[in-house]
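> Below is a structure I'd like to ask you about.
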Amino acid sequence: MTGPLIVLDGVKKVYRLGETEVWALRGVDLVVREREFTAVIGPSGSGKSTLLHILGCLDRPTQGRVLVEGEEVSSLSRNELARVRSRNVGFVFQRFYLLPYATALENVELPLVYAGVRRRERRVRALECLQAVGLAHRARHRPTQLSGGEHQRVAIARALVNEPKVLLADEPTGNLDTKTGHEVLKVFRSLNAEGRTVVVVTHASEVAAYAKRQIRMRDGEIEEDTGGLG
Amino acid sequence: MDWVEVLRSALTALSAHKLRTGLSILGVVIGVGAVVAIVSMLEGATSQITSRIAGLGMQTVTVTIRPTAIEDSRARRTFTEDISAEFRSLSAVSSAAPVSRASGEVILAGGSTWPVGVIGTTPEYAEVFDYYPVQGRFLHPMDENRKKSIVLGAKVAQDLFRGDEAIGTRLTLSLYGESETFWVVGVMQERGQVGFENLDNQVYVPLATLQSLGGSSYITSYIVLAQSEALVKEAGTQVEGLLNGMIYASQQGQPQVAPQWTQFRGGGLPGVPNLPGLTTGMVVGPLATGAGRTRTAMPPFDVRIPQEIVETFEQTTTTMMLTLGGIAAISLLVGGIGIMNIMLVSVAERTQEVGIRMAVGARPRDISGQFLNESVLICVLGGLVGLGLGWVAAWLGSRFGGWPFAFSPLPAGIAFGFSILVGVAFGLYPALRAARLDPVEALSSV
């Protein structure tokens with residue numbers, strides 16, 4: 001029922017900035033289970049975004065193993081890694097990252113395009129997801145015609161359209177006002193209530209309060225984990 | 001991703017920068033357009049020239065007397081009407097006619113004049129060109145100098161008589177500065193362009209008549225009809241042999257002639273233009289072979305069969321097409337470099353887009369495919385526009401140049417295919433560069 005979805009085993013990540021090495025992660029062990037709502041909290045530079053990227057197979061660890069549904073992904077090629085991403089992960093970013101020249105509907109369809117879903121089905125599923133975030137009436141609008149909150153709801157619809165196992169959000173409220181931020185977080189909570197696994201990265205404790213499990217990070221290490229086996 | 005989707009997203013991306021896309025396809029447009037226009041125009045012009053030469057009949061041999069030889073009185077005496085009869089006695093020859101040309105003016109009733117080309121020839125001319133009168137008759141061996149006969153080309157008859165009866169009327173012709181009265185005995189069928197002249201615009205008089213009027217009415221060529229198309233080459237060889245023999249014989253009798261002919265090689269006689277274009281190289285001067293002399297001379301005549309002329313033309317146009325094709329290929333190459341430049345800019349500008357696409361599941365392969373499709377699409381668009389413009393240019397050229405319009409699909413297809421190849425070749429590097437981007441870094445780029 002609540003089996004391990006993503007497992008990080010001794011994950012380290014080093015960035016090279018010119019001559020200096022920056023340790024983003026200094027050895028992280030973490031199990032993300034199905035149906036969990038987890039918040040990763042920490043100051044900037046604590047490695048929480050890197051952790052999220054590695055959980056979502058967008059980045060690869062310098063050392064350590066990553067297992068998605070029991071499959072070791074660190075040895076996969078970049079093309080294969082994209083497949084894992086396409087099947088299992090939906091990303092939501094602080095800066096939304098919508099394609100500016102595409103409509104809301106086309107933005108939501110994008111993951112389905114790469115998953116090889118046929119055109120007609122794509123359209124139907126993308127509309128359903130826009131409806132789920134309350135933006136069906138904005139389907140034909142381009143990002144410039146949408147408000148910040150609407151941007152993020154389109155981005156959430158896009159993250160959900162592939163029916164991923166896990167939703168990964170990186171500071172999803174960072175560019176929103178408090179009220180809109182809370183609305184977005186409520187969307188996450190209800191998605192989790194429907195059984196979706198959610199991981200939110202944030203520096204704000206009131207955002208983290210929405211989650212059942214809180215992981216506190218500092219200097220590339222997990223400092224505290226409230227729900228290790230919750 | 002299905003191909004409709006691929007095409008759609010490439011079109012969306014290109015239409016986001018219409019001016020840039022337009023400019024980047026320009027190189028390909030010009031390259032493909034140039035190939036199509038030039039090749040089509042060349043083919044049109046060539047087909048016109050070839051059909052004119054073919055109009056001479058593939059069965060005829062043309063003996064052209066070199067202008068240098070005509071200037072020389074002794075050589076001139078060799079080329080007489082009698083040679084035609086000698087030609088006719090050759091086994092591969094069916095008929096032969098001498099041709100002498102003059103420019104005349106028809107003097108009309110009101111005193112105004114009408115320029116015409118005057119051909120002095122013999123009755124065999126009709127047979128050689130398979131060219132017959134629609135009214136009256138062609139020239140006849142019994143035509144007398146006293147009562148001068150004239151036969152009109154179709155166009156001349158139409159212009160002068162406008163459908164009125166021409167046969168039996170008198171026609172005053174100004175020739176060599178003198179007015180001469182002729183009797184119209186025939187009007188020829190329409191024939192149009194044959195070789196490099198229009199038979200319909202000429203009038204025909206007996207060679208003897210023309211020569212009796214003085215002036216410089218020398219024979220400029222002989223048209224020889226072979227027994228069959230298969231015997232054209234043989235007829236040419238026989239005619240040449242006959243002429244060589246005659247000149248050799250005349251030199252035996254008059255050895256002082258030889259040094260004069262040998263002078264032709266060294267730039268011709270003073271004041272006489274040397275026409276290198278008439279040299280075929282197939283005729284070896286009799287002075288070199290027959291008389292056993294070591295010095296060679298350009299023979300005073302040139303024997304040609306239509307096939308050779310056609311072949312020479314085809315060789316020339318092939319060379320031209322290859323040269324122009326090379327130039328067009330270079331312009332396509334330059335266009336390709338332009339496209340590569342644009343694609344590199346585009347990849348740099350759309351780095352974040354690449355990151356977004358990768359984050360939602362695009363494989364590096366999908367990304368490289370996307371950019372490659374865009375560069376190929378640029379080339380396809382450029383190629384299509386180029387084909388269209390080239391087609392229009394070729395059509396305009398044919399209208400102003402007066403040759404038939406010819407659109408040759410093969411070179412157009414090759415040019416188009418080559419432009420697509422350019423799209424792949426020059427789009428590959430930018431596409432691979434986009435695919436190699438790191439998704440996290442790409443996302444955070446602005």
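In the structure tokens, chains take the letters A, B, ... in the order shown, each chain's residues start at 1, and ligands count up from 1 in the order shown.
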Name all residues at most 12 Å from Ser212 of chain B (count only C-alpha atoms; drop same-chain ones fewer than 6 positions away) and give them as an MDAnalysis selection string.

chainID B and resid 120 144:146 148 175:176 180 205:206 218

> Could you write those residues out with C-alpha atoms, as a CSV table (one decimal), in the first residue's frame?


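And here is the file that came out, again-v2.csv:
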chain,number,residue,atom,x,y,z
B,120,GLY,CA,20.3,31.8,-105.8
B,144,GLU,CA,16.0,31.6,-118.7
B,145,ASN,CA,18.1,34.5,-117.7
B,146,ARG,CA,16.2,36.7,-120.2
B,148,LYS,CA,13.9,36.0,-114.9
B,175,LEU,CA,19.9,43.9,-106.3
B,176,TYR,CA,23.5,45.0,-106.1
B,180,GLU,CA,15.7,44.0,-112.0
B,205,VAL,CA,16.0,32.7,-108.1
B,206,PRO,CA,18.1,30.5,-110.4
B,218,TYR,CA,29.4,33.4,-105.2

> Would you give me, as a PyMOL selection string, the residues of chain B that come within 7 Å of chain A, using only C-alpha atoms?

chain B and resi 1+353+356+359-365+439-440

> Find the residues around segment 102-109 of chain B up to 9 Å (only C-alpha atoms counted), leave out those fewer than 3 positions away in its own chain, and share them as a PDB file with N, CA and C atoms, in the first residue's frame.


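Okay, this is what ended up in selection_0.pdb:
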ATOM      1  N   SER B 112       8.140  52.531-102.270  1.00  0.00           N
ATOM      2  CA  SER B 112       8.752  52.084-101.023  1.00  0.00           C
ATOM      3  C   SER B 112       9.389  50.708-101.228  1.00  0.00           C
ATOM      4  N   THR B 113      10.249  50.336-100.286  1.00  0.00           N
ATOM      5  CA  THR B 113      11.001  49.091-100.477  1.00  0.00           C
ATOM      6  C   THR B 113      10.749  48.121 -99.346  1.00  0.00           C
ATOM      7  N   TRP B 114      11.016  46.864 -99.637  1.00  0.00           N
ATOM      8  CA  TRP B 114      10.764  45.784 -98.692  1.00  0.00           C
ATOM      9  C   TRP B 114      11.964  44.843 -98.741  1.00  0.00           C
ATOM     10  N   PRO B 115      12.764  44.792 -97.658  1.00  0.00           N
ATOM     11  CA  PRO B 115      13.965  43.968 -97.731  1.00  0.00           C
ATOM     12  C   PRO B 115      13.657  42.473 -97.711  1.00  0.00           C
ATOM     13  N   VAL B 116      14.345  41.736 -98.542  1.00  0.00           N
ATOM     14  CA  VAL B 116      14.200  40.265 -98.532  1.00  0.00           C
ATOM     15  C   VAL B 116      15.569  39.628 -98.708  1.00  0.00           C
ATOM     16  N   GLY B 117      15.684  38.383 -98.228  1.00  0.00           N
ATOM     17  CA  GLY B 117      16.869  37.585 -98.481  1.00  0.00           C
ATOM     18  C   GLY B 117      16.691  36.878 -99.813  1.00  0.00           C
ATOM     19  N   VAL B 118      17.703  36.999-100.660  1.00  0.00           N
ATOM     20  CA  VAL B 118      17.593  36.377-101.986  1.00  0.00           C
ATOM     21  C   VAL B 118      18.515  35.160-102.021  1.00  0.00           C
ATOM     22  N   ILE B 119      17.949  34.029-102.421  1.00  0.00           N
ATOM     23  CA  ILE B 119      18.736  32.801-102.520  1.00  0.00           C
ATOM     24  C   ILE B 119      18.862  32.437-103.988  1.00  0.00           C
ATOM     25  N   GLY B 120      20.101  32.327-104.434  1.00  0.00           N
ATOM     26  CA  GLY B 120      20.314  31.817-105.779  1.00  0.00           C
ATOM     27  C   GLY B 120      20.648  30.347-105.675  1.00  0.00           C
ATOM     28  N   LEU B 160       3.475  40.673 -99.376  1.00  0.00           N
ATOM     29  CA  LEU B 160       3.407  41.499-100.582  1.00  0.00           C
ATOM     30  C   LEU B 160       2.048  41.426-101.267  1.00  0.00           C
ATOM     31  N   LEU B 171       7.689  41.518-110.489  1.00  0.00           N
ATOM     32  CA  LEU B 171       8.205  41.972-109.201  1.00  0.00           C
ATOM     33  C   LEU B 171       9.532  42.664-109.456  1.00  0.00           C
ATOM     34  N   THR B 172       9.637  43.902-108.992  1.00  0.00           N
ATOM     35  CA  THR B 172      10.895  44.614-109.191  1.00  0.00           C
ATOM     36  C   THR B 172      11.752  44.478-107.950  1.00  0.00           C
ATOM     37  N   LEU B 173      12.963  44.027-108.181  1.00  0.00           N
ATOM     38  CA  LEU B 173      13.855  43.755-107.072  1.00  0.00           C
ATOM     39  C   LEU B 173      15.108  44.592-107.255  1.00  0.00           C
ATOM     40  N   SER B 174      15.493  45.265-106.189  1.00  0.00           N
ATOM     41  CA  SER B 174      16.741  46.015-106.254  1.00  0.00           C
ATOM     42  C   SER B 174      17.852  45.095-105.746  1.00  0.00           C
ATOM     43  N   LEU B 175      18.796  44.798-106.618  1.00  0.00           N
ATOM     44  CA  LEU B 175      19.873  43.870-106.290  1.00  0.00           C
ATOM     45  C   LEU B 175      21.195  44.481-106.705  1.00  0.00           C
ATOM     46  N   TYR B 176      22.147  44.474-105.828  1.00  0.00           N
ATOM     47  CA  TYR B 176      23.470  45.035-106.120  1.00  0.00           C
ATOM     48  C   TYR B 176      23.337  46.435-106.703  1.00  0.00           C
ATOM     49  N   GLY B 177      22.354  47.184-106.210  1.00  0.00           N
ATOM     50  CA  GLY B 177      22.201  48.566-106.643  1.00  0.00           C
ATOM     51  C   GLY B 177      21.483  48.738-107.962  1.00  0.00           C
ATOM     52  N   SER B 179      17.990  47.825-110.432  1.00  0.00           N
ATOM     53  CA  SER B 179      16.622  47.311-110.402  1.00  0.00           C
ATOM     54  C   SER B 179      16.475  46.228-111.454  1.00  0.00           C
ATOM     55  N   LEU B 210      21.171  34.900-110.766  1.00  0.00           N
ATOM     56  CA  LEU B 210      21.775  35.749-109.737  1.00  0.00           C
ATOM     57  C   LEU B 210      23.213  36.095-110.110  1.00  0.00           C
ATOM     58  N   SER B 216      28.805  40.169-105.977  1.00  0.00           N
ATOM     59  CA  SER B 216      29.632  39.092-105.431  1.00  0.00           C
ATOM     60  C   SER B 216      28.781  37.868-105.158  1.00  0.00           C
ATOM     61  N   SER B 217      28.089  37.408-106.167  1.00  0.00           N
ATOM     62  CA  SER B 217      27.160  36.311-105.970  1.00  0.00           C
ATOM     63  C   SER B 217      27.855  34.957-106.076  1.00  0.00           C
TER      64      SER B 217
END

> Taking the DSSP secondary structure from the backbone, can you list the residues of segment 132-162 of chain B that are strand (DSSP E), as a list in words?

Pro133, Val134, Gln135, Gly136, Ser149, Ile150, Val151 and Leu152 of chain B

> Residues of the last selection are to be written out with C-alpha atoms, as a CSV table (one decimal), in the first residue's frame.


chain,number,residue,atom,x,y,z
B,133,PRO,CA,5.4,25.2,-103.8
B,134,VAL,CA,1.7,25.6,-102.9
B,135,GLN,CA,1.1,27.7,-106.0
B,136,GLY,CA,2.8,27.6,-109.3
B,149,SER,CA,11.9,33.7,-112.7
B,150,ILE,CA,11.4,34.2,-109.0
B,151,VAL,CA,9.8,32.0,-106.3
B,152,LEU,CA,8.5,33.5,-103.1

> Kindly give the distance, in Å, that separates atom CA of Arg162 of chain B and atom CA of Ala126 of chain B, rounded to a single decimal.

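Interatomic distance, atom CA of Arg162 of chain B to atom CA of Ala126 of chain B: 23.8 Å.
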
> Hey, which of A:Gly227, A:Gly10, A:Gly64, A:Gly181 ends up closest to Arg213 of chain A? Count only C-alpha atoms.

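The closest residue to Arg213 of chain A is A:Gly227.
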
> Write out as number ranges by chain the residues lying within 12 Å of Val36 of chain B, counting only C-alpha atoms and excluding same-chain residues fewer than 6 positions away.

B: 29-30, 42-44, 321, 324-325, 328, 383-395, 397, 406-416

> Take the residues that were just selected and, keeping C-alpha atoms, output them as a short mmCIF file (atom, residue, chain, number, x, y, z; two decimals), in the first residue's frame.


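Output below, filename part_10.cif:
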data_model
loop_
_atom_site.label_atom_id
_atom_site.label_comp_id
_atom_site.auth_asym_id
_atom_site.auth_seq_id
_atom_site.Cartn_x
_atom_site.Cartn_y
_atom_site.Cartn_z
CA VAL B 29 15.78 30.23 -52.20
CA ILE B 30 18.46 31.84 -54.33
CA LEU B 42 19.35 26.64 -71.06
CA GLU B 43 17.17 23.69 -71.93
CA GLY B 44 14.61 25.88 -73.63
CA MET B 321 25.02 23.36 -66.84
CA LEU B 324 26.28 26.73 -63.22
CA GLY B 325 25.31 23.75 -61.11
CA ALA B 328 24.45 27.01 -57.42
CA GLY B 383 13.50 25.00 -51.76
CA LEU B 384 9.80 25.36 -52.54
CA VAL B 385 9.97 29.13 -52.81
CA GLY B 386 13.12 28.74 -54.93
CA LEU B 387 11.39 26.26 -57.22
CA GLY B 388 8.49 28.66 -57.66
CA LEU B 389 10.68 31.70 -58.30
CA GLY B 390 12.97 29.75 -60.61
CA TRP B 391 9.96 28.52 -62.54
CA VAL B 392 8.64 32.06 -62.91
CA ALA B 393 12.08 33.35 -63.93
CA ALA B 394 12.45 30.56 -66.50
CA TRP B 395 9.02 31.36 -67.90
CA GLY B 397 13.14 34.28 -69.71
CA ALA B 406 10.92 24.07 -70.68
CA PHE B 407 10.71 22.98 -67.05
CA SER B 408 13.07 20.13 -66.39
CA PRO B 409 12.00 18.15 -63.34
CA LEU B 410 15.28 16.28 -62.83
CA PRO B 411 17.61 19.21 -62.10
CA ALA B 412 14.83 20.86 -60.10
CA GLY B 413 14.47 17.69 -58.05
CA ILE B 414 18.22 17.43 -57.56
CA ALA B 415 18.42 21.05 -56.44
CA PHE B 416 15.52 20.53 -54.05
#

> When you draw a straight line from atom CA of Phe313 of chain B to atom CA of Val61 of chain B, how long is it in Å?

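Computing the Euclidean distance for atom CA of Phe313 of chain B and atom CA of Val61 of chain B yields 17.0 Å.
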